[in-house]
Amino acid sequence: MTAPWRVIGLGLVLALGVLWIASADRSVPPADVGAPAPVFTLPDLAGTPVALSDFRGRVVLLNFWATWCGPCEQEMPAMERLTEALPSEDFALVAVSVDDDAEDVRTFREDKGLTFTILHDADKEAAGLYQSFRYPESFLIDRDGTLVARYIGPREWDEPAYRGRIERMIGSGSTEPAAPPAGG
């Protein structure tokens with residue numbers, strides 16, 4: 001009689017495990033929205049160390065990406081247009097490449113004509129701080145260094161909904177609590 005109870009018990013444990021895995025919210029940020037953004041220092045493509053805190057006082061769109069990622073490449077033109085449209089004293093786009101080879105990233109930047117800040121995270125330490133492993137993945141950070149939003153997947157960053165949200169954050173000097181644009 002003990003064998004059926006073992007089967008039932010094992011089935012129950014497996015069912016609960018499946019439910020737990022299925023219900024896990026994979027979009028939970030590494031820190032709660034409203035918490036300080038994790039800080040890091042990485043080299044730019046010239047090898048100069050750049051700290052996330054160097055951008056304090058500006059709204060930051062922090063983007064984790066790779067040259068081998070098709071969706072990452074897809075969103076780069078919109079990121080460049082957003083950078084060109086917003087004042088650099090109020091906004092910074094910081095793209096963190098998780099590629100192994102910095103030369104691949106330099107070639108990509110030159111081929112695409114990108115002008116925004118690109119940092120290299122070959123060891124994926126900064127990506128780990130943000131629990132970022134699905135590329136592209138972006139984080140919106142306010143002037144005070146507080147996480148405002150997390151976006152998984154490519155976006156047309158220069159669309160009015162995204163650009164407007166960033167412009168409102170720039171204009172208010174603080175976080176913009178409105179709901180994110182549809183799909184993000």
# chains A, B, ... in the order shown; residues from 1 in each chain; ligands from 1

call {"tool": "select_by_dssp", "arguments": {"residues": "region 29-182 of chain A", "states": "alpha helix (DSSP H)", "output": "number ranges by chain"}}
result
A: 70-85, 102-112, 125-129, 160-172

call {"tool": "select_by_dssp", "arguments": {"residues": "region 32-177 of chain A", "states": "strand (DSSP E or B)", "output": "VMD selection string"}}
result
chain A and resid 36 41 to 44 49 to 51 59 to 65 91 to 97 117 to 120 137 to 141 146 to 152

call {"tool": "write_last_selection", "arguments": {"atoms": "C-alpha atoms", "output": "PDB file, in the first residue's frame"}}
result
ATOM      1  CA  PRO A  36      19.052  52.339  -6.876  1.00  0.00           C
ATOM      2  CA  THR A  41      32.625  50.331 -14.108  1.00  0.00           C
ATOM      3  CA  LEU A  42      33.511  48.942 -17.549  1.00  0.00           C
ATOM      4  CA  PRO A  43      35.943  49.923 -20.295  1.00  0.00           C
ATOM      5  CA  ASP A  44      34.728  51.817 -23.324  1.00  0.00           C
ATOM      6  CA  PRO A  49      37.103  52.899 -17.586  1.00  0.00           C
ATOM      7  CA  VAL A  50      33.593  54.391 -17.460  1.00  0.00           C
ATOM      8  CA  ALA A  51      31.351  54.153 -14.396  1.00  0.00           C
ATOM      9  CA  VAL A  59      18.335  60.162 -17.577  1.00  0.00           C
ATOM     10  CA  VAL A  60      20.056  56.963 -18.752  1.00  0.00           C
ATOM     11  CA  LEU A  61      18.849  54.264 -21.098  1.00  0.00           C
ATOM     12  CA  LEU A  62      21.117  51.320 -20.242  1.00  0.00           C
ATOM     13  CA  ASN A  63      21.078  48.650 -22.957  1.00  0.00           C
ATOM     14  CA  PHE A  64      22.662  45.172 -22.815  1.00  0.00           C
ATOM     15  CA  TRP A  65      23.325  43.719 -26.266  1.00  0.00           C
ATOM     16  CA  PHE A  91      20.217  62.109 -21.530  1.00  0.00           C
ATOM     17  CA  ALA A  92      22.734  59.310 -22.083  1.00  0.00           C
ATOM     18  CA  LEU A  93      22.323  56.061 -23.923  1.00  0.00           C
ATOM     19  CA  VAL A  94      24.816  53.550 -22.548  1.00  0.00           C
ATOM     20  CA  ALA A  95      25.034  50.337 -24.551  1.00  0.00           C
ATOM     21  CA  VAL A  96      26.877  47.479 -22.833  1.00  0.00           C
ATOM     22  CA  SER A  97      28.142  44.817 -25.213  1.00  0.00           C
ATOM     23  CA  THR A 117      28.477  55.370 -25.437  1.00  0.00           C
ATOM     24  CA  ILE A 118      29.385  51.706 -25.848  1.00  0.00           C
ATOM     25  CA  LEU A 119      31.005  49.783 -23.018  1.00  0.00           C
ATOM     26  CA  HIS A 120      32.470  46.276 -23.138  1.00  0.00           C
ATOM     27  CA  GLU A 137      17.511  44.150 -22.594  1.00  0.00           C
ATOM     28  CA  SER A 138      17.240  47.772 -21.484  1.00  0.00           C
ATOM     29  CA  PHE A 139      16.799  49.671 -18.241  1.00  0.00           C
ATOM     30  CA  LEU A 140      15.539  53.205 -17.820  1.00  0.00           C
ATOM     31  CA  ILE A 141      17.304  55.038 -14.978  1.00  0.00           C
ATOM     32  CA  THR A 146      16.973  55.022  -9.617  1.00  0.00           C
ATOM     33  CA  LEU A 147      15.602  52.177 -11.742  1.00  0.00           C
ATOM     34  CA  VAL A 148      12.388  53.223 -13.442  1.00  0.00           C
ATOM     35  CA  ALA A 149      11.685  50.428 -15.952  1.00  0.00           C
ATOM     36  CA  ARG A 150      13.004  47.235 -17.546  1.00  0.00           C
ATOM     37  CA  TYR A 151      12.410  46.331 -21.199  1.00  0.00           C
ATOM     38  CA  ILE A 152      13.139  42.884 -22.625  1.00  0.00           C
TER      39      ILE A 152
END

call {"tool": "closest_residue", "arguments": {"among": "A:Phe116, A:Phe55, A:Tyr130, A:Phe40", "to": "Ala85 (chain A)", "atoms": "only C-alpha atoms"}}
result
A:Phe116

call {"tool": "closest_residue", "arguments": {"among": "A:Arg58, A:Thr115, A:Gly153, A:Arg106", "to": "Pro87 (chain A)", "atoms": "only C-alpha atoms"}}
result
A:Arg58

call {"tool": "closest_residue", "arguments": {"among": "A:Arg163, A:Arg143, A:Arg56, A:Arg168", "to": "Arg81 (chain A)", "atoms": "only C-alpha atoms"}}
result
A:Arg163

call {"tool": "residues_around", "arguments": {"residues": "Glu159 (chain A)", "least_positions_apart": "2", "cutoff": "10 Å", "atoms": "only C-alpha atoms", "output": "NGL selection string"}}
result
:A and (78 or 81-82 or 155-157 or 161-164 or 181)

call {"tool": "write_last_selection", "arguments": {"atoms": "N, CA and C atoms", "output": "short mmCIF file (atom, residue, chain, number, x, y, z; two decimals), in the first residue's frame"}}
result
data_model
loop_
_atom_site.label_atom_id
_atom_site.label_comp_id
_atom_site.auth_asym_id
_atom_site.auth_seq_id
_atom_site.Cartn_x
_atom_site.Cartn_y
_atom_site.Cartn_z
N ALA A 78 17.22 53.09 -34.19
CA ALA A 78 16.30 53.88 -33.36
C ALA A 78 17.02 54.44 -32.14
N ARG A 81 18.97 57.43 -33.39
CA ARG A 81 18.08 58.58 -33.61
C ARG A 81 17.64 59.21 -32.29
N LEU A 82 17.36 58.38 -31.28
CA LEU A 82 16.97 58.90 -29.97
C LEU A 82 18.11 59.72 -29.37
N ARG A 155 13.18 47.54 -29.18
CA ARG A 155 12.18 48.61 -29.20
C ARG A 155 12.55 49.62 -30.27
N GLU A 156 11.56 50.33 -30.74
CA GLU A 156 11.80 51.49 -31.60
C GLU A 156 11.89 52.68 -30.65
N TRP A 157 13.07 52.89 -30.09
CA TRP A 157 13.26 53.84 -29.00
C TRP A 157 12.90 55.28 -29.35
N ALA A 161 6.00 57.21 -27.84
CA ALA A 161 5.73 56.73 -26.48
C ALA A 161 7.01 56.65 -25.65
N TYR A 162 8.07 56.07 -26.22
CA TYR A 162 9.33 55.93 -25.48
C TYR A 162 10.04 57.28 -25.35
N ARG A 163 10.15 57.98 -26.46
CA ARG A 163 10.82 59.29 -26.43
C ARG A 163 10.07 60.24 -25.49
N GLY A 164 8.74 60.22 -25.54
CA GLY A 164 7.95 61.09 -24.67
C GLY A 164 8.17 60.79 -23.20
N PRO A 181 4.96 52.31 -22.10
CA PRO A 181 4.23 52.16 -23.36
C PRO A 181 3.80 50.73 -23.58
#

call {"tool": "residues_around", "arguments": {"residues": "Pro38 (chain A)", "least_positions_apart": "4", "cutoff": "10 Å", "atoms": "only C-alpha atoms", "output": "list in words"}}
result
Pro30, Ala31, Leu52, Ser53, Ala126, Leu129, Tyr130, Gly145, Thr146 and Leu147 of chain A

call {"tool": "closest_residue", "arguments": {"among": "A:Ala102, A:Ala122, A:Cys69, A:Ala37", "to": "Pro154 (chain A)", "atoms": "only C-alpha atoms"}}
result
A:Cys69

call {"tool": "atom_distance", "arguments": {"atom1": "CA of Val98 (chain A)", "atom2": "CA of Ala127 (chain A)"}}
result
7.6 Å

call {"tool": "closest_residue", "arguments": {"among": "A:Asp54, A:Glu73, A:Glu80, A:Asp104", "to": "Asp158 (chain A)", "atoms": "only C-alpha atoms"}}
result
A:Glu80
